[in-house]
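Only one structure is covered here, and it is reproduced in the block below.
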Amino acid sequence: MSAPTLTPMMAQYQAMRRSLPDDVLLLYRLGDFYEMFFDDAKTAAPILNVALTKRNAVPMCGVPYHAADAYIAKLVRAGKRVAIAEQTSEPSPGKIVQREIARIISAGSIIESHLLDDQRPNYLAAVFLLGKSRGLACVDHSTGEFTVAEFADQAQLDDELARLTPSELLISDEQLSGFGHLPAAQPYDGYAFLPDPARQMLCDHFSVHSLDGFGCADAPSAVAAAGAILHYLVHQLRRPCDHLRSLKMRENGRHVLIDAASQRNLDLIDSRSGKKHTLLGVLDRTKTPMGARLLRDWILHPLRDREPLDKRHDFIAALLEQPFILSKCRESLQGIRDIERTVGRLSQGAGNARDLQALAISLGHIPALQEDLGCLGVPHAKGLRAFPDLVDHLQVSLAEEPPANLKDGGMIRDGHSPELDELRSLSRDGKSWIAKLQEDERKRTGIDSLKVKFNNVFGYFIEITSSKLAKVPDDYTRKQTMANCERYITPALKEMENKVLGAEERAKQLEYELFLQLRLEVCKELEALQHTAAAIAEIDVLCGLAETAQTHGHVRPVLEDSRHLVITNGRHPVLEQTLVEEKFVPNDTTFDPADSLLQILTGPNMAGKSTYIRQVALITLMAQTGAFVPAENAVVGMVDRIFCRVGASDDLSRGQSTFMVEMNETALILNHATDRSLVILDEIGRGTATFDGLSIAWAVAEHLHDVIGCRTLFATHYHELTDLANTRAAVANFNVAVREWNDEIIFLRKILPGAADKSYGIQVARLAGLPKPIIERAKSILSHLELNSAKPDAKKQGPKAKNMKQGQDQDGMPAANAPQLDLFGEF
Ligand code: ADP
Ligand code: MG
């Protein structure tokens, strides 16, 4: 743009635009619209689906201010950052309206509740590489949660990022190539990451001399990332950060590590079939958003320490012993809103009287909750306080149904402030005086149709229809002529109008000030409120887990420091709830380091192998989350990591190089599993030719047994693998029972000792609806193959030889000695 064409307003705009990073869109308030200009307009118009126009060759587009929230939401969801410039002076002729950037909204720093999902946290993260250490810091700006962690390798950092799924991720602009591809990443000023200034910034923010008290003295890369986040919030987004009150170190050693692929394969949080089909979906009976968010965090970060887990289990057990108390606690929790985010908003100078009211209502339920928890006889989350004085003050101050708007009055209750009451009665009296005026004037003038009216331009006026103009008294002053009436004012009316409007204005202003005082009062208790919110979240999660345990018959697991795992009648927590056509069949599991560390599970497709092995992983994970488990009995030797791999053939959504992905993931297991890990392998090695796949599967199994010694469940189609049991002490074979009946296959869903005899592929294909002629043809090919391959050295190990060794019967029926249940036996 050439300088001479700049109007003063455009000059103001340009200056503001220059103060912002290039990729931030500037929404510039112009009367009733937010306008965008130049490239911002070009970027935003298609996202918002609004018209791109031009004025004086300047491209522009705009959205009405009253609907701005929805448009801003669209931009933020499209990954844009949005700066809002508000008018800060009243328009007056000949003067340019002052404007200021009120806030910059970015996906990772949202506090507006309509833009947030209340069931999940919303993280802004930063990563920093220092030597070999990868530091991660994470802020949920809506609540004030601020955590840091350090990782020794990229894979672990990637896994944690997959758990936290930050909406925005800052990387030092000097380290862009150091991290590979990370979702939601954006470069940020490298200076902000420098360890010393970063530490200093944090120390200043928390008013401490060192960060040792937060447990991050020895975590310089994490501290650098944390400092960068604070820098970004304060200096770039211009956000108040008072509610960030402490820094919490997440120590990896305390958590059961679940890598990104395992998290997906176990359907912990997300599933292609929706939340209902996830572990979170089944366990979540929380009543508050804080609880829902915490449960999610617990599932993604199970614990390795027994002590906190024992406490969680004790608490759930106590609730189950006194179901009446449980239901009373849950009733109290039901009334509690999102204290965490409400307080977060209020402490940042946002929020409204409804937030204050929600807070008062929520806190009002705490005394009952405290009393009920007191009856349980077990310790509960620390930090729960009821704030009776604050609640009282909010309740006596706030109106019954306060409005969302801060400037229109109606927030404060009558009788709370004498000054406000007086202003209100002034305005009320004035209004009734005006209302009475109409009657008086009708009598005085004899004009029955005379009306006293109000509009924003003229204020109060008297309206008289044209036919009665002759009767208008002399003391009326004409203001406006309409089509069939005239409008008048009188000195008395104007005087009263001043009183009314003046009083109304002052009342609104006073209400706003009273609101600010109340908000300040809340902020004084900020830290204690945050602790209370955290305590409620924990109590809510545990009450929810108790409720789930009660509803679904979950039991308390016994935790051990061993490599045993003994489950009696275990069930898959999710499938058992979602199965509609059959009843879920429970199964036992026994891992014993002496004879059954590596368990090989064979059986036809659709028999229930994948379900069973996941069920074992989920029960273990639930136990270490603090939940009760779907079984009759469970003794869980605690694990340090859980791996769950699914072979390529089962994982169609992942693109072409599935075999490569599968092998990468397998490598990760072999490199990271310890003797305390639990490894679930589902059909690995299937993404390549049979011999390759079998060889890889074989070598992996050997390594897991011989070198690592972890508990492993290996579901496989490679029946050859079952031979491992012959040569290895702690390998045990299992199969999923099926029965054949008239050429049909019946799935019994029972896990039995021993290897499966054959694959039943043709029977399963028939179930799937393959045309009958094809089934018949396949059967005859199969028997032909079997006959031919059964002759030469069937003993020698090799896929064909072994696979086909049974079932020589012409009809393709199994040999009589097959390890199946008898048709008329017990289910
Ligand atoms: P596989 O991995 O052996 O092919 P899956 O574990 O995928 O078999 O199970 C196939 C289907 O069988 C599941 O979707 C479920 O409907 C059913 N199923 C599996 N296990 C059970 C069980 N224990 N009880 C009842 N139904 C089951
Ligand atoms: Mg399977």
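FYI, nothing fancy with the structure tokens labels: chains A, B, ... in order, residues from 1 per chain, ligands from 1 as they appear.
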Can you list every residue of chain A that has an atom at most 6 Å from ligand 1, with its nearest atom pair and the distance in Å to one decimal, using only C-alpha atoms and all ligand atoms, ordered by chain then number, as a tab-separated table?
```
residue	atom	partner	partner_atom_place_in_ligand_line	distance
A:Glu582	CA	ligand 1	25 (C)	5.9
A:Lys583	CA	ligand 1	25 (C)	5.5
A:Phe584	CA	ligand 1	24 (N)	3.5
A:Val585	CA	ligand 1	24 (N)	3.8
A:Pro586	CA	ligand 1	23 (N)	5.6
A:Pro604	CA	ligand 1	3 (O)	6.0
A:Asn605	CA	ligand 1	4 (O)	3.7
A:Met606	CA	ligand 1	4 (O)	3.3
A:Ala607	CA	ligand 1	3 (O)	3.9
A:Gly608	CA	ligand 1	6 (O)	3.2
A:Lys609	CA	ligand 1	3 (O)	3.6
A:Ser610	CA	ligand 1	6 (O)	3.6
A:Thr611	CA	ligand 1	6 (O)	3.6
A:Arg749	CA	ligand 1	23 (N)	4.8
```
Those selected residues, please, written with all heavy atoms and delivered as an mmCIF file, in the first residue's frame.
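And here is the file that came out, selection23.cif:
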```
data_model
loop_
_atom_site.group_PDB
_atom_site.id
_atom_site.type_symbol
_atom_site.label_atom_id
_atom_site.label_comp_id
_atom_site.auth_asym_id
_atom_site.auth_seq_id
_atom_site.Cartn_x
_atom_site.Cartn_y
_atom_site.Cartn_z
ATOM 1 N N GLU A 582 -24.616 -62.005 21.769
ATOM 2 C CA GLU A 582 -24.281 -63.120 22.650
ATOM 3 C C GLU A 582 -24.004 -62.585 24.051
ATOM 4 O O GLU A 582 -23.815 -61.402 24.258
ATOM 5 C CB GLU A 582 -23.022 -63.884 22.202
ATOM 6 C CG GLU A 582 -22.474 -63.549 20.872
ATOM 7 C CD GLU A 582 -21.190 -64.334 20.567
ATOM 8 O OE1 GLU A 582 -20.907 -65.363 21.206
ATOM 9 O OE2 GLU A 582 -20.465 -63.900 19.679
ATOM 10 N N LYS A 583 -23.944 -63.530 24.987
ATOM 11 C CA LYS A 583 -23.544 -63.162 26.325
ATOM 12 C C LYS A 583 -22.042 -63.313 26.401
ATOM 13 O O LYS A 583 -21.479 -64.224 25.796
ATOM 14 C CB LYS A 583 -24.183 -64.121 27.326
ATOM 15 C CG LYS A 583 -24.625 -63.429 28.588
ATOM 16 C CD LYS A 583 -25.450 -64.353 29.436
ATOM 17 C CE LYS A 583 -24.942 -64.473 30.856
ATOM 18 N NZ LYS A 583 -24.295 -63.381 31.482
ATOM 19 N N PHE A 584 -21.404 -62.408 27.103
ATOM 20 C CA PHE A 584 -19.945 -62.470 27.157
ATOM 21 C C PHE A 584 -19.497 -63.687 27.969
ATOM 22 O O PHE A 584 -20.000 -63.944 29.055
ATOM 23 C CB PHE A 584 -19.374 -61.189 27.763
ATOM 24 C CG PHE A 584 -17.898 -61.089 27.553
ATOM 25 C CD1 PHE A 584 -17.383 -60.516 26.407
ATOM 26 C CD2 PHE A 584 -17.019 -61.630 28.479
ATOM 27 C CE1 PHE A 584 -16.016 -60.466 26.186
ATOM 28 C CE2 PHE A 584 -15.647 -61.584 28.266
ATOM 29 C CZ PHE A 584 -15.143 -60.994 27.115
ATOM 30 N N VAL A 585 -18.538 -64.413 27.450
ATOM 31 C CA VAL A 585 -18.030 -65.601 28.143
ATOM 32 C C VAL A 585 -16.733 -65.240 28.871
ATOM 33 O O VAL A 585 -15.757 -64.847 28.238
ATOM 34 C CB VAL A 585 -17.749 -66.736 27.137
ATOM 35 C CG1 VAL A 585 -17.189 -67.948 27.866
ATOM 36 C CG2 VAL A 585 -19.000 -67.069 26.360
ATOM 37 N N PRO A 586 -16.731 -65.348 30.211
ATOM 38 C CA PRO A 586 -15.525 -65.007 30.964
ATOM 39 C C PRO A 586 -14.433 -66.052 30.792
ATOM 40 O O PRO A 586 -14.714 -67.191 30.439
ATOM 41 C CB PRO A 586 -15.997 -64.990 32.424
ATOM 42 C CG PRO A 586 -17.423 -65.360 32.427
ATOM 43 C CD PRO A 586 -17.829 -65.805 31.070
ATOM 44 N N PRO A 604 -9.371 -70.306 15.423
ATOM 45 C CA PRO A 604 -9.879 -69.752 14.177
ATOM 46 C C PRO A 604 -10.133 -68.251 14.268
ATOM 47 O O PRO A 604 -10.237 -67.693 15.359
ATOM 48 C CB PRO A 604 -11.199 -70.481 13.949
ATOM 49 C CG PRO A 604 -11.386 -71.403 15.079
ATOM 50 C CD PRO A 604 -10.261 -71.288 16.032
ATOM 51 N N ASN A 605 -10.247 -67.665 13.115
ATOM 52 C CA ASN A 605 -10.713 -66.282 13.055
ATOM 53 C C ASN A 605 -12.055 -66.154 13.738
ATOM 54 O O ASN A 605 -12.880 -67.063 13.650
ATOM 55 C CB ASN A 605 -10.899 -65.866 11.594
ATOM 56 C CG ASN A 605 -9.657 -65.194 11.072
ATOM 57 O OD1 ASN A 605 -9.044 -64.404 11.783
ATOM 58 N ND2 ASN A 605 -9.277 -65.522 9.854
ATOM 59 N N MET A 606 -12.254 -65.028 14.362
ATOM 60 C CA MET A 606 -13.556 -64.737 14.991
ATOM 61 C C MET A 606 -13.787 -65.531 16.276
ATOM 62 O O MET A 606 -14.844 -65.455 16.880
ATOM 63 C CB MET A 606 -14.736 -65.021 14.042
ATOM 64 C CG MET A 606 -14.914 -63.998 12.953
ATOM 65 S SD MET A 606 -15.124 -62.355 13.643
ATOM 66 C CE MET A 606 -16.765 -62.510 14.351
ATOM 67 N N ALA A 607 -12.786 -66.311 16.713
ATOM 68 C CA ALA A 607 -13.019 -67.137 17.889
ATOM 69 C C ALA A 607 -13.016 -66.310 19.166
ATOM 70 O O ALA A 607 -13.690 -66.659 20.138
ATOM 71 C CB ALA A 607 -11.948 -68.216 17.975
ATOM 72 N N GLY A 608 -12.257 -65.216 19.168
ATOM 73 C CA GLY A 608 -12.196 -64.392 20.372
ATOM 74 C C GLY A 608 -10.781 -64.178 20.884
ATOM 75 O O GLY A 608 -10.583 -63.764 22.025
ATOM 76 N N LYS A 609 -9.782 -64.419 20.038
ATOM 77 C CA LYS A 609 -8.397 -64.275 20.486
ATOM 78 C C LYS A 609 -8.060 -62.823 20.811
ATOM 79 O O LYS A 609 -7.547 -62.522 21.883
ATOM 80 C CB LYS A 609 -7.429 -64.768 19.387
ATOM 81 C CG LYS A 609 -7.604 -66.209 19.003
ATOM 82 C CD LYS A 609 -6.577 -66.640 17.962
ATOM 83 C CE LYS A 609 -6.670 -65.887 16.634
ATOM 84 N NZ LYS A 609 -7.955 -66.068 15.921
ATOM 85 N N SER A 610 -8.357 -61.948 19.864
ATOM 86 C CA SER A 610 -8.003 -60.537 20.067
ATOM 87 C C SER A 610 -8.701 -59.986 21.301
ATOM 88 O O SER A 610 -8.120 -59.226 22.083
ATOM 89 C CB SER A 610 -8.406 -59.717 18.849
ATOM 90 O OG SER A 610 -7.752 -60.195 17.704
ATOM 91 N N THR A 611 -9.934 -60.367 21.459
ATOM 92 C CA THR A 611 -10.702 -59.897 22.603
ATOM 93 C C THR A 611 -10.045 -60.332 23.910
ATOM 94 O O THR A 611 -9.844 -59.528 24.821
ATOM 95 C CB THR A 611 -12.130 -60.489 22.547
ATOM 96 O OG1 THR A 611 -12.710 -60.147 21.289
ATOM 97 C CG2 THR A 611 -12.979 -59.969 23.684
ATOM 98 N N ARG A 749 -15.885 -69.485 22.804
ATOM 99 C CA ARG A 749 -15.262 -68.345 23.495
ATOM 100 C C ARG A 749 -14.489 -68.730 24.735
ATOM 101 O O ARG A 749 -14.192 -67.881 25.561
ATOM 102 C CB ARG A 749 -16.309 -67.280 23.890
ATOM 103 C CG ARG A 749 -17.334 -66.929 22.832
ATOM 104 C CD ARG A 749 -16.736 -66.108 21.754
ATOM 105 N NE ARG A 749 -17.724 -65.670 20.775
ATOM 106 C CZ ARG A 749 -17.434 -65.476 19.494
ATOM 107 N NH1 ARG A 749 -16.216 -65.696 19.042
ATOM 108 N NH2 ARG A 749 -18.361 -65.064 18.670
#
```
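Non-sequential neighbours of Asp421 in chain A (distance at most 12 Å, separation of 5 or more positions within a chain, only C-alpha atoms) are Gly410, Ile412, Arg413, Asp414, Gly415, His416, Leu426, Ser427, Arg428, Asp429, Ala503, Glu504, Arg506, Ala507, Lys508, Leu510 and Glu511 of chain A.
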With 12 Å as the cut-off and only C-alpha atoms and all ligand atoms counted, what is the closest atom pair between each nearby residue of chain A and ligand 2? Distances in Å to one decimal, ordered by chain and number, as CSV.
```
residue,atom,partner,partner_atom_place_in_ligand_line,distance
A:Asn265,CA,ligand 2,1 (Mg),11.7
A:Leu601,CA,ligand 2,1 (Mg),10.6
A:Thr602,CA,ligand 2,1 (Mg),10.1
A:Gly603,CA,ligand 2,1 (Mg),9.6
A:Pro604,CA,ligand 2,1 (Mg),9.0
A:Asn605,CA,ligand 2,1 (Mg),6.5
A:Met606,CA,ligand 2,1 (Mg),6.6
A:Ala607,CA,ligand 2,1 (Mg),8.0
A:Gly608,CA,ligand 2,1 (Mg),6.8
A:Lys609,CA,ligand 2,1 (Mg),5.5
A:Ser610,CA,ligand 2,1 (Mg),4.1
A:Thr611,CA,ligand 2,1 (Mg),7.2
A:Tyr612,CA,ligand 2,1 (Mg),9.3
A:Ile613,CA,ligand 2,1 (Mg),9.3
A:Arg614,CA,ligand 2,1 (Mg),10.0
A:Arg645,CA,ligand 2,1 (Mg),11.2
A:Val646,CA,ligand 2,1 (Mg),8.4
A:Gly647,CA,ligand 2,1 (Mg),9.0
A:Ala648,CA,ligand 2,1 (Mg),11.1
A:Ser649,CA,ligand 2,1 (Mg),9.4
A:Asp650,CA,ligand 2,1 (Mg),7.0
A:Asp651,CA,ligand 2,1 (Mg),10.3
A:Ile680,CA,ligand 2,1 (Mg),11.8
A:Leu681,CA,ligand 2,1 (Mg),10.2
A:Asp682,CA,ligand 2,1 (Mg),6.6
A:Glu683,CA,ligand 2,1 (Mg),7.1
A:Ile684,CA,ligand 2,1 (Mg),10.5
A:Arg686,CA,ligand 2,1 (Mg),11.7
A:Phe714,CA,ligand 2,1 (Mg),10.9
A:Ala715,CA,ligand 2,1 (Mg),7.6
A:Thr716,CA,ligand 2,1 (Mg),8.5
A:His717,CA,ligand 2,1 (Mg),9.5
A:Val736,CA,ligand 2,1 (Mg),11.5
```
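With only C-alpha atoms as the atoms that count, the residue of A:Val97, A:Trp698, A:Ile361, A:Leu266 with the shortest distance to Val616 in chain A is A:Leu266.
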Range 684-731 of chain A near range 565-578 of chain A within 12 Å: what's each residue's closest atom pair and its distance in Å to one decimal, counting only C-alpha atoms, ordered by chain then ascending residue number, as a Markdown table?
```
| residue | atom | partner | partner_atom | distance |
| --- | --- | --- | --- | --- |
| A:Cys710 | CA | A:Leu565 | CA | 11.5 |
| A:Arg711 | CA | A:Leu565 | CA | 8.6 |
| A:Thr712 | CA | A:Leu565 | CA | 11.0 |
| A:Leu713 | CA | A:Leu565 | CA | 11.8 |
```
Store the residues picked out above in a file with N, CA and C atoms, as a PDB file, in the first residue's frame.
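The file below, selection.pdb, is the result:
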```
ATOM      1  N   CYS A 710       9.410 -61.166  29.905  1.00  0.00           N
ATOM      2  CA  CYS A 710       8.203 -60.444  30.307  1.00  0.00           C
ATOM      3  C   CYS A 710       6.973 -61.329  30.094  1.00  0.00           C
ATOM      4  N   ARG A 711       5.881 -60.941  30.672  1.00  0.00           N
ATOM      5  CA  ARG A 711       4.642 -61.661  30.409  1.00  0.00           C
ATOM      6  C   ARG A 711       4.157 -61.291  29.001  1.00  0.00           C
ATOM      7  N   THR A 712       3.894 -62.290  28.208  1.00  0.00           N
ATOM      8  CA  THR A 712       3.519 -62.046  26.814  1.00  0.00           C
ATOM      9  C   THR A 712       2.323 -62.899  26.428  1.00  0.00           C
ATOM     10  N   LEU A 713       1.382 -62.279  25.762  1.00  0.00           N
ATOM     11  CA  LEU A 713       0.279 -63.035  25.157  1.00  0.00           C
ATOM     12  C   LEU A 713       0.403 -62.853  23.655  1.00  0.00           C
TER      13      LEU A 713
END
```
* To do: Can you pull out every residue within 8 Å of Asp159 in chain A, counting only C-alpha atoms, but drop anything in the same chain fewer than 4 positions away, and send it as a list in words?
  => Ala155, Arg163, Ile258, Asp259 and Ala260 of chain A
* To do: Using DSSP on the backbone, list every residue of range 604-779 of chain A that comes out as helix (DSSP H, G or I), and give them as a PyMOL selection string.
  => chain A and resi 609-623+648-650+652-654+658-672+690-708+719-727+761-767+772-779
